[in-house]
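**Student:** Got a file for you: start-v9.csv, CSV, N, CA and C atoms.
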chain,number,residue,atom,x,y,z
A,193,MET,N,50.7,68.1,-18.3
A,193,MET,CA,50.5,69.5,-18.6
A,193,MET,C,51.5,70.3,-17.8
A,194,SER,N,52.0,71.3,-18.4
A,194,SER,CA,53.0,72.2,-17.7
A,194,SER,C,52.3,73.4,-17.1
A,195,ARG,N,53.0,73.9,-16.1
A,195,ARG,CA,52.4,75.0,-15.3
A,195,ARG,C,53.4,76.2,-15.5
A,196,TRP,N,52.9,77.4,-15.9
A,196,TRP,CA,53.7,78.5,-16.1
A,196,TRP,C,53.4,79.6,-15.1
A,197,ASN,N,54.4,80.3,-14.6
A,197,ASN,CA,54.2,81.4,-13.7
A,197,ASN,C,54.5,82.6,-14.6
A,198,LEU,N,53.6,83.5,-14.8
A,198,LEU,CA,53.8,84.6,-15.7
A,198,LEU,C,53.6,85.9,-15.0
A,199,SER,N,54.4,86.9,-15.4
A,199,SER,CA,54.2,88.3,-14.9
A,199,SER,C,53.8,89.1,-16.1
A,200,ILE,N,52.7,89.7,-16.0
A,200,ILE,CA,52.2,90.6,-17.2
A,200,ILE,C,51.8,91.9,-16.6
A,201,PRO,N,51.8,92.9,-17.4
A,201,PRO,CA,51.3,94.2,-17.0
A,201,PRO,C,49.9,94.2,-16.5
A,202,GLU,N,49.6,95.0,-15.5
A,202,GLU,CA,48.3,95.1,-14.9
A,202,GLU,C,47.2,95.4,-15.9
A,203,GLU,N,47.6,96.3,-16.8
A,203,GLU,CA,46.7,96.8,-17.9
A,203,GLU,C,46.3,95.6,-18.8
A,204,THR,N,47.2,94.7,-19.1
A,204,THR,CA,47.0,93.6,-20.0
A,204,THR,C,46.1,92.6,-19.2
A,205,ASP,N,46.3,92.4,-17.9
A,205,ASP,CA,45.5,91.5,-17.1
A,205,ASP,C,44.0,92.0,-17.1
A,206,ARG,N,43.9,93.3,-16.9
A,206,ARG,CA,42.5,93.8,-16.8
A,206,ARG,C,41.8,93.7,-18.2
A,207,ALA,N,42.6,93.9,-19.3
A,207,ALA,CA,42.0,93.9,-20.6
A,207,ALA,C,41.5,92.4,-20.9
A,208,VAL,N,42.4,91.4,-20.6
A,208,VAL,CA,42.0,90.0,-20.9
A,208,VAL,C,40.8,89.6,-20.0
A,209,ARG,N,40.9,89.9,-18.7
A,209,ARG,CA,39.8,89.5,-17.8
A,209,ARG,C,38.5,90.2,-18.2
A,210,SER,N,38.5,91.5,-18.6
A,210,SER,CA,37.3,92.2,-19.0
A,210,SER,C,36.8,91.5,-20.3
A,211,TYR,N,37.6,91.2,-21.2
A,211,TYR,CA,37.2,90.5,-22.4
A,211,TYR,C,36.5,89.2,-22.1
A,212,LEU,N,37.2,88.4,-21.2
A,212,LEU,CA,36.6,87.1,-20.9
A,212,LEU,C,35.3,87.2,-20.1
A,213,ALA,N,35.2,88.2,-19.3
A,213,ALA,CA,33.9,88.5,-18.6
A,213,ALA,C,32.8,88.8,-19.5
A,214,ARG,N,33.1,89.6,-20.6
A,214,ARG,CA,32.1,89.9,-21.6
A,214,ARG,C,31.7,88.7,-22.3
A,215,GLN,N,32.5,87.7,-22.4
A,215,GLN,CA,32.2,86.4,-23.0
A,215,GLN,C,31.4,85.5,-22.1
A,216,GLY,N,31.1,85.9,-20.8
A,216,GLY,CA,30.4,85.1,-19.9
A,216,GLY,C,31.3,84.2,-19.0
A,217,ARG,N,32.6,84.4,-19.0
A,217,ARG,CA,33.5,83.6,-18.2
A,217,ARG,C,33.7,84.3,-16.9
A,218,ARG,N,34.0,83.4,-15.9
A,218,ARG,CA,34.3,83.9,-14.5
A,218,ARG,C,35.7,83.7,-14.2
A,219,LYS,N,36.1,84.4,-13.1
A,219,LYS,CA,37.5,84.3,-12.6
A,219,LYS,C,38.1,82.9,-12.4
A,220,GLY,N,37.3,82.0,-11.9
A,220,GLY,CA,37.8,80.7,-11.6
A,220,GLY,C,37.8,79.7,-12.8
A,221,ASP,N,37.2,80.1,-13.9
A,221,ASP,CA,37.2,79.3,-15.1
A,221,ASP,C,38.6,79.0,-15.6
A,222,LEU,N,38.7,78.0,-16.4
A,222,LEU,CA,40.0,77.7,-17.1
A,222,LEU,C,40.1,78.6,-18.3
A,223,SER,N,39.2,79.5,-18.5
A,223,SER,CA,39.2,80.3,-19.8
A,223,SER,C,40.5,81.1,-19.9
A,224,LEU,N,41.1,81.6,-18.8
A,224,LEU,CA,42.3,82.4,-18.9
A,224,LEU,C,43.4,81.5,-19.5
A,225,SER,N,43.6,80.3,-18.9
A,225,SER,CA,44.6,79.4,-19.4
A,225,SER,C,44.3,79.0,-20.9
A,226,GLU,N,43.1,78.8,-21.2
A,226,GLU,CA,42.8,78.4,-22.6
A,226,GLU,C,43.1,79.6,-23.5
A,227,PHE,N,42.8,80.8,-23.1
A,227,PHE,CA,43.0,82.0,-23.8
A,227,PHE,C,44.5,82.2,-24.1
A,228,VAL,N,45.3,82.0,-23.0
A,228,VAL,CA,46.8,82.2,-23.2
A,228,VAL,C,47.3,81.1,-24.1
A,229,ASN,N,46.9,79.8,-23.9
A,229,ASN,CA,47.3,78.7,-24.7
A,229,ASN,C,47.1,79.0,-26.2
A,230,GLU,N,45.9,79.4,-26.5
A,230,GLU,CA,45.5,79.7,-27.9
A,230,GLU,C,46.3,80.8,-28.5
A,231,ALA,N,46.5,81.9,-27.7
A,231,ALA,CA,47.3,83.0,-28.1
A,231,ALA,C,48.8,82.7,-28.4
A,232,VAL,N,49.4,81.9,-27.5
A,232,VAL,CA,50.7,81.4,-27.7
A,232,VAL,C,50.9,80.5,-28.9
A,233,ARG,N,50.0,79.6,-29.1
A,233,ARG,CA,50.0,78.7,-30.2
A,233,ARG,C,49.9,79.5,-31.5
A,234,ARG,N,49.0,80.5,-31.5
A,234,ARG,CA,48.8,81.3,-32.7
A,234,ARG,C,50.1,82.1,-33.0
A,235,GLU,N,50.7,82.6,-32.0
A,235,GLU,CA,51.9,83.4,-32.2
A,235,GLU,C,53.0,82.6,-32.7
A,236,VAL,N,53.2,81.4,-32.2
A,236,VAL,CA,54.3,80.5,-32.6
A,236,VAL,C,54.0,80.1,-34.1
A,237,PHE,N,52.8,79.8,-34.4
A,237,PHE,CA,52.5,79.5,-35.8
A,237,PHE,C,52.8,80.6,-36.8
A,238,ASP,N,52.3,81.9,-36.4
A,238,ASP,CA,52.6,83.0,-37.2
A,238,ASP,C,54.1,83.3,-37.4
A,239,ARG,N,54.9,83.1,-36.3
A,239,ARG,CA,56.3,83.3,-36.5
A,239,ARG,C,57.0,82.3,-37.4
A,240,VAL,N,56.5,81.0,-37.3
A,240,VAL,CA,57.1,80.0,-38.1
A,240,VAL,C,56.7,80.3,-39.6
A,241,VAL,N,55.5,80.7,-39.9
A,241,VAL,CA,55.1,81.0,-41.2
A,241,VAL,C,55.9,82.2,-41.7
A,242,ARG,N,56.1,83.2,-40.9
A,242,ARG,CA,56.9,84.4,-41.3
A,242,ARG,C,58.4,84.0,-41.6
A,243,GLU,N,59.0,83.1,-40.8
A,243,GLU,CA,60.3,82.6,-41.0
A,243,GLU,C,60.4,81.9,-42.3
A,244,ILE,N,59.5,81.0,-42.6
A,244,ILE,CA,59.5,80.2,-43.8
A,244,ILE,C,59.3,81.2,-45.1
A,245,LYS,N,58.4,82.2,-44.9
A,245,LYS,CA,58.3,83.1,-46.1
A,245,LYS,C,59.6,83.9,-46.3
A,246,GLU,N,60.2,84.3,-45.2
A,246,GLU,CA,61.5,85.0,-45.4
A,246,GLU,C,62.5,84.2,-46.0
A,247,ARG,N,62.6,82.9,-45.6
A,247,ARG,CA,63.6,82.0,-46.1
A,247,ARG,C,63.4,81.7,-47.5
A,248,ASN,N,62.2,81.7,-48.0
A,248,ASN,CA,61.9,81.4,-49.4
A,248,ASN,C,61.6,82.6,-50.2
A,249,ALA,N,61.9,83.8,-49.7
A,249,ALA,CA,61.5,85.0,-50.5
A,249,ALA,C,62.2,85.1,-51.9
A,250,ASP,N,63.4,84.5,-52.0
A,250,ASP,CA,64.1,84.5,-53.3
A,250,ASP,C,63.9,83.3,-54.1
A,251,ALA,N,63.1,82.4,-53.6
A,251,ALA,CA,62.9,81.1,-54.4
A,251,ALA,C,62.0,81.3,-55.6
A,252,ASP,N,62.2,80.5,-56.6
A,252,ASP,CA,61.4,80.5,-57.8
A,252,ASP,C,60.0,80.0,-57.5
A,253,PRO,N,58.9,80.9,-57.7
A,253,PRO,CA,57.5,80.5,-57.4
A,253,PRO,C,57.1,79.2,-58.1
A,254,ASP,N,57.5,79.0,-59.3
A,254,ASP,CA,57.2,77.7,-60.0
A,254,ASP,C,57.8,76.5,-59.3
A,255,GLU,N,59.0,76.6,-58.9
A,255,GLU,CA,59.7,75.5,-58.2
A,255,GLU,C,59.0,75.2,-56.8
A,256,LEU,N,58.6,76.3,-56.1
A,256,LEU,CA,57.9,76.1,-54.9
A,256,LEU,C,56.6,75.4,-55.1
A,257,MET,N,55.8,75.8,-56.1
A,257,MET,CA,54.6,75.1,-56.4
A,257,MET,C,54.8,73.7,-56.7
A,258,LYS,N,55.8,73.4,-57.5
A,258,LYS,CA,56.2,72.0,-57.8
A,258,LYS,C,56.4,71.2,-56.5
A,259,LEU,N,57.2,71.7,-55.6
A,259,LEU,CA,57.5,71.1,-54.3
A,259,LEU,C,56.2,70.9,-53.5
A,260,ILE,N,55.4,71.9,-53.5
A,260,ILE,CA,54.1,71.8,-52.7
A,260,ILE,C,53.2,70.7,-53.3
A,261,ASP,N,53.1,70.7,-54.7
A,261,ASP,CA,52.3,69.7,-55.3
A,261,ASP,C,52.8,68.3,-55.0
A,262,GLU,N,54.1,68.1,-55.0
A,262,GLU,CA,54.7,66.8,-54.8
A,262,GLU,C,54.4,66.4,-53.3
A,263,ALA,N,54.5,67.3,-52.4
A,263,ALA,CA,54.2,67.0,-51.0
A,263,ALA,C,52.8,66.7,-50.8
A,264,VAL,N,51.9,67.4,-51.4
A,264,VAL,CA,50.4,67.1,-51.3
A,264,VAL,C,50.1,65.7,-51.9
A,265,GLU,N,50.7,65.4,-53.0
A,265,GLU,CA,50.5,64.1,-53.7
A,265,GLU,C,51.0,63.0,-52.8
A,266,TRP,N,52.2,63.2,-52.2
A,266,TRP,CA,52.7,62.2,-51.3
A,266,TRP,C,51.8,62.0,-50.1
A,267,ALA,N,51.3,63.1,-49.5
A,267,ALA,CA,50.5,63.0,-48.3
A,267,ALA,C,49.2,62.3,-48.6
A,268,ARG,N,48.6,62.6,-49.7
A,268,ARG,CA,47.3,61.9,-50.1
A,268,ARG,C,47.5,60.5,-50.4
A,269,ALA,N,48.7,60.1,-50.9
A,269,ALA,CA,48.9,58.7,-51.3
A,269,ALA,C,49.3,57.8,-50.1
A,270,ASP,N,49.7,58.4,-49.0
A,270,ASP,CA,50.1,57.7,-47.8
A,270,ASP,C,48.8,57.3,-47.0
A,271,PRO,N,48.5,55.9,-46.9
A,271,PRO,CA,47.3,55.5,-46.3
A,271,PRO,C,47.3,55.6,-44.7
A,272,SER,N,48.4,55.9,-44.1
A,272,SER,CA,48.4,56.0,-42.7
A,272,SER,C,48.1,57.4,-42.3
Please, can you express the file's structure as structure tokens?

**Tutor:**
Amino acid sequence: MSRWNLSIPEETDRAVRSYLARQGRRKGDLSLSEFVNEAVRREVFDRVVREIKERNADADPDELMKLIDEAVEWARADPS
């Protein structure tokens, strides 16, 4: 596991800690690390999806569906 040292605005820190406290979490819990991990993973996923959509904006929708169908068929046929 990696360790990050982050500097964030005091207002953001208070907002996150207040939210976690309302969820019944305490200062010593791993919940802050879990919260940051989930937020970062979601943001990376959203950015990748956005980049793919932009890259394929001019693509033919029928051709894209054909490629998706082929990929799904291949994935379902692979026993591993």

**Student:** Just list as number ranges by chain whatever in chain A DSSP marks as alpha helix (DSSP H).

**Tutor:** A: 202-214, 223-247, 253-269

**Student:** Please, what distance in Å, to one decimal, runs between atom CA of A:Pro253 and atom CA of A:Val241?

**Tutor:** 16.4 Å

**Student:** Separation of atom CA of A:Arg247 and atom CA of A:Glu262, in Å?

**Tutor:**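 Atom-to-atom, atom CA of A:Arg247 and atom CA of A:Glu262 are spaced 19.6 Å apart.
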
**Student:** May I ask for the distance between atom CA of A:Arg217 and atom N of A:Arg239, given in Å to one decimal place?

**Tutor:**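 Going from atom CA of A:Arg217 over to atom N of A:Arg239, I get 28.0 Å.
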
**Student:** Compile the contact shell of stretch 224-232 of chain A as a PDB file with N, CA and C atoms, in the coordinates of the input: residues with an atom at most 12 Å away, counting only C-alpha atoms, same-chain residues fewer than 2 positions apart removed.

**Tutor:**
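Result file follows (result.pdb):
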ATOM      1  N   MET A 193      50.700  68.100 -18.300  1.00  0.00           N
ATOM      2  CA  MET A 193      50.500  69.500 -18.600  1.00  0.00           C
ATOM      3  C   MET A 193      51.500  70.300 -17.800  1.00  0.00           C
ATOM      4  N   SER A 194      52.000  71.300 -18.400  1.00  0.00           N
ATOM      5  CA  SER A 194      53.000  72.200 -17.700  1.00  0.00           C
ATOM      6  C   SER A 194      52.300  73.400 -17.100  1.00  0.00           C
ATOM      7  N   ARG A 195      53.000  73.900 -16.100  1.00  0.00           N
ATOM      8  CA  ARG A 195      52.400  75.000 -15.300  1.00  0.00           C
ATOM      9  C   ARG A 195      53.400  76.200 -15.500  1.00  0.00           C
ATOM     10  N   TRP A 196      52.900  77.400 -15.900  1.00  0.00           N
ATOM     11  CA  TRP A 196      53.700  78.500 -16.100  1.00  0.00           C
ATOM     12  C   TRP A 196      53.400  79.600 -15.100  1.00  0.00           C
ATOM     13  N   ASN A 197      54.400  80.300 -14.600  1.00  0.00           N
ATOM     14  CA  ASN A 197      54.200  81.400 -13.700  1.00  0.00           C
ATOM     15  C   ASN A 197      54.500  82.600 -14.600  1.00  0.00           C
ATOM     16  N   LEU A 198      53.600  83.500 -14.800  1.00  0.00           N
ATOM     17  CA  LEU A 198      53.800  84.600 -15.700  1.00  0.00           C
ATOM     18  C   LEU A 198      53.600  85.900 -15.000  1.00  0.00           C
ATOM     19  N   ILE A 200      52.700  89.700 -16.000  1.00  0.00           N
ATOM     20  CA  ILE A 200      52.200  90.600 -17.200  1.00  0.00           C
ATOM     21  C   ILE A 200      51.800  91.900 -16.600  1.00  0.00           C
ATOM     22  N   THR A 204      47.200  94.700 -19.100  1.00  0.00           N
ATOM     23  CA  THR A 204      47.000  93.600 -20.000  1.00  0.00           C
ATOM     24  C   THR A 204      46.100  92.600 -19.200  1.00  0.00           C
ATOM     25  N   ASP A 205      46.300  92.400 -17.900  1.00  0.00           N
ATOM     26  CA  ASP A 205      45.500  91.500 -17.100  1.00  0.00           C
ATOM     27  C   ASP A 205      44.000  92.000 -17.100  1.00  0.00           C
ATOM     28  N   ARG A 206      43.900  93.300 -16.900  1.00  0.00           N
ATOM     29  CA  ARG A 206      42.500  93.800 -16.800  1.00  0.00           C
ATOM     30  C   ARG A 206      41.800  93.700 -18.200  1.00  0.00           C
ATOM     31  N   ALA A 207      42.600  93.900 -19.300  1.00  0.00           N
ATOM     32  CA  ALA A 207      42.000  93.900 -20.600  1.00  0.00           C
ATOM     33  C   ALA A 207      41.500  92.400 -20.900  1.00  0.00           C
ATOM     34  N   VAL A 208      42.400  91.400 -20.600  1.00  0.00           N
ATOM     35  CA  VAL A 208      42.000  90.000 -20.900  1.00  0.00           C
ATOM     36  C   VAL A 208      40.800  89.600 -20.000  1.00  0.00           C
ATOM     37  N   ARG A 209      40.900  89.900 -18.700  1.00  0.00           N
ATOM     38  CA  ARG A 209      39.800  89.500 -17.800  1.00  0.00           C
ATOM     39  C   ARG A 209      38.500  90.200 -18.200  1.00  0.00           C
ATOM     40  N   SER A 210      38.500  91.500 -18.600  1.00  0.00           N
ATOM     41  CA  SER A 210      37.300  92.200 -19.000  1.00  0.00           C
ATOM     42  C   SER A 210      36.800  91.500 -20.300  1.00  0.00           C
ATOM     43  N   TYR A 211      37.600  91.200 -21.200  1.00  0.00           N
ATOM     44  CA  TYR A 211      37.200  90.500 -22.400  1.00  0.00           C
ATOM     45  C   TYR A 211      36.500  89.200 -22.100  1.00  0.00           C
ATOM     46  N   LEU A 212      37.200  88.400 -21.200  1.00  0.00           N
ATOM     47  CA  LEU A 212      36.600  87.100 -20.900  1.00  0.00           C
ATOM     48  C   LEU A 212      35.300  87.200 -20.100  1.00  0.00           C
ATOM     49  N   ALA A 213      35.200  88.200 -19.300  1.00  0.00           N
ATOM     50  CA  ALA A 213      33.900  88.500 -18.600  1.00  0.00           C
ATOM     51  C   ALA A 213      32.800  88.800 -19.500  1.00  0.00           C
ATOM     52  N   GLN A 215      32.500  87.700 -22.400  1.00  0.00           N
ATOM     53  CA  GLN A 215      32.200  86.400 -23.000  1.00  0.00           C
ATOM     54  C   GLN A 215      31.400  85.500 -22.100  1.00  0.00           C
ATOM     55  N   ARG A 217      32.600  84.400 -19.000  1.00  0.00           N
ATOM     56  CA  ARG A 217      33.500  83.600 -18.200  1.00  0.00           C
ATOM     57  C   ARG A 217      33.700  84.300 -16.900  1.00  0.00           C
ATOM     58  N   ARG A 218      34.000  83.400 -15.900  1.00  0.00           N
ATOM     59  CA  ARG A 218      34.300  83.900 -14.500  1.00  0.00           C
ATOM     60  C   ARG A 218      35.700  83.700 -14.200  1.00  0.00           C
ATOM     61  N   LYS A 219      36.100  84.400 -13.100  1.00  0.00           N
ATOM     62  CA  LYS A 219      37.500  84.300 -12.600  1.00  0.00           C
ATOM     63  C   LYS A 219      38.100  82.900 -12.400  1.00  0.00           C
ATOM     64  N   GLY A 220      37.300  82.000 -11.900  1.00  0.00           N
ATOM     65  CA  GLY A 220      37.800  80.700 -11.600  1.00  0.00           C
ATOM     66  C   GLY A 220      37.800  79.700 -12.800  1.00  0.00           C
ATOM     67  N   ASP A 221      37.200  80.100 -13.900  1.00  0.00           N
ATOM     68  CA  ASP A 221      37.200  79.300 -15.100  1.00  0.00           C
ATOM     69  C   ASP A 221      38.600  79.000 -15.600  1.00  0.00           C
ATOM     70  N   LEU A 222      38.700  78.000 -16.400  1.00  0.00           N
ATOM     71  CA  LEU A 222      40.000  77.700 -17.100  1.00  0.00           C
ATOM     72  C   LEU A 222      40.100  78.600 -18.300  1.00  0.00           C
ATOM     73  N   ARG A 234      49.000  80.500 -31.500  1.00  0.00           N
ATOM     74  CA  ARG A 234      48.800  81.300 -32.700  1.00  0.00           C
ATOM     75  C   ARG A 234      50.100  82.100 -33.000  1.00  0.00           C
ATOM     76  N   GLU A 235      50.700  82.600 -32.000  1.00  0.00           N
ATOM     77  CA  GLU A 235      51.900  83.400 -32.200  1.00  0.00           C
ATOM     78  C   GLU A 235      53.000  82.600 -32.700  1.00  0.00           C
ATOM     79  N   VAL A 236      53.200  81.400 -32.200  1.00  0.00           N
ATOM     80  CA  VAL A 236      54.300  80.500 -32.600  1.00  0.00           C
ATOM     81  C   VAL A 236      54.000  80.100 -34.100  1.00  0.00           C
ATOM     82  N   PHE A 237      52.800  79.800 -34.400  1.00  0.00           N
ATOM     83  CA  PHE A 237      52.500  79.500 -35.800  1.00  0.00           C
ATOM     84  C   PHE A 237      52.800  80.600 -36.800  1.00  0.00           C
ATOM     85  N   ASP A 238      52.300  81.900 -36.400  1.00  0.00           N
ATOM     86  CA  ASP A 238      52.600  83.000 -37.200  1.00  0.00           C
ATOM     87  C   ASP A 238      54.100  83.300 -37.400  1.00  0.00           C
ATOM     88  N   ARG A 239      54.900  83.100 -36.300  1.00  0.00           N
ATOM     89  CA  ARG A 239      56.300  83.300 -36.500  1.00  0.00           C
ATOM     90  C   ARG A 239      57.000  82.300 -37.400  1.00  0.00           C
TER      91      ARG A 239
END
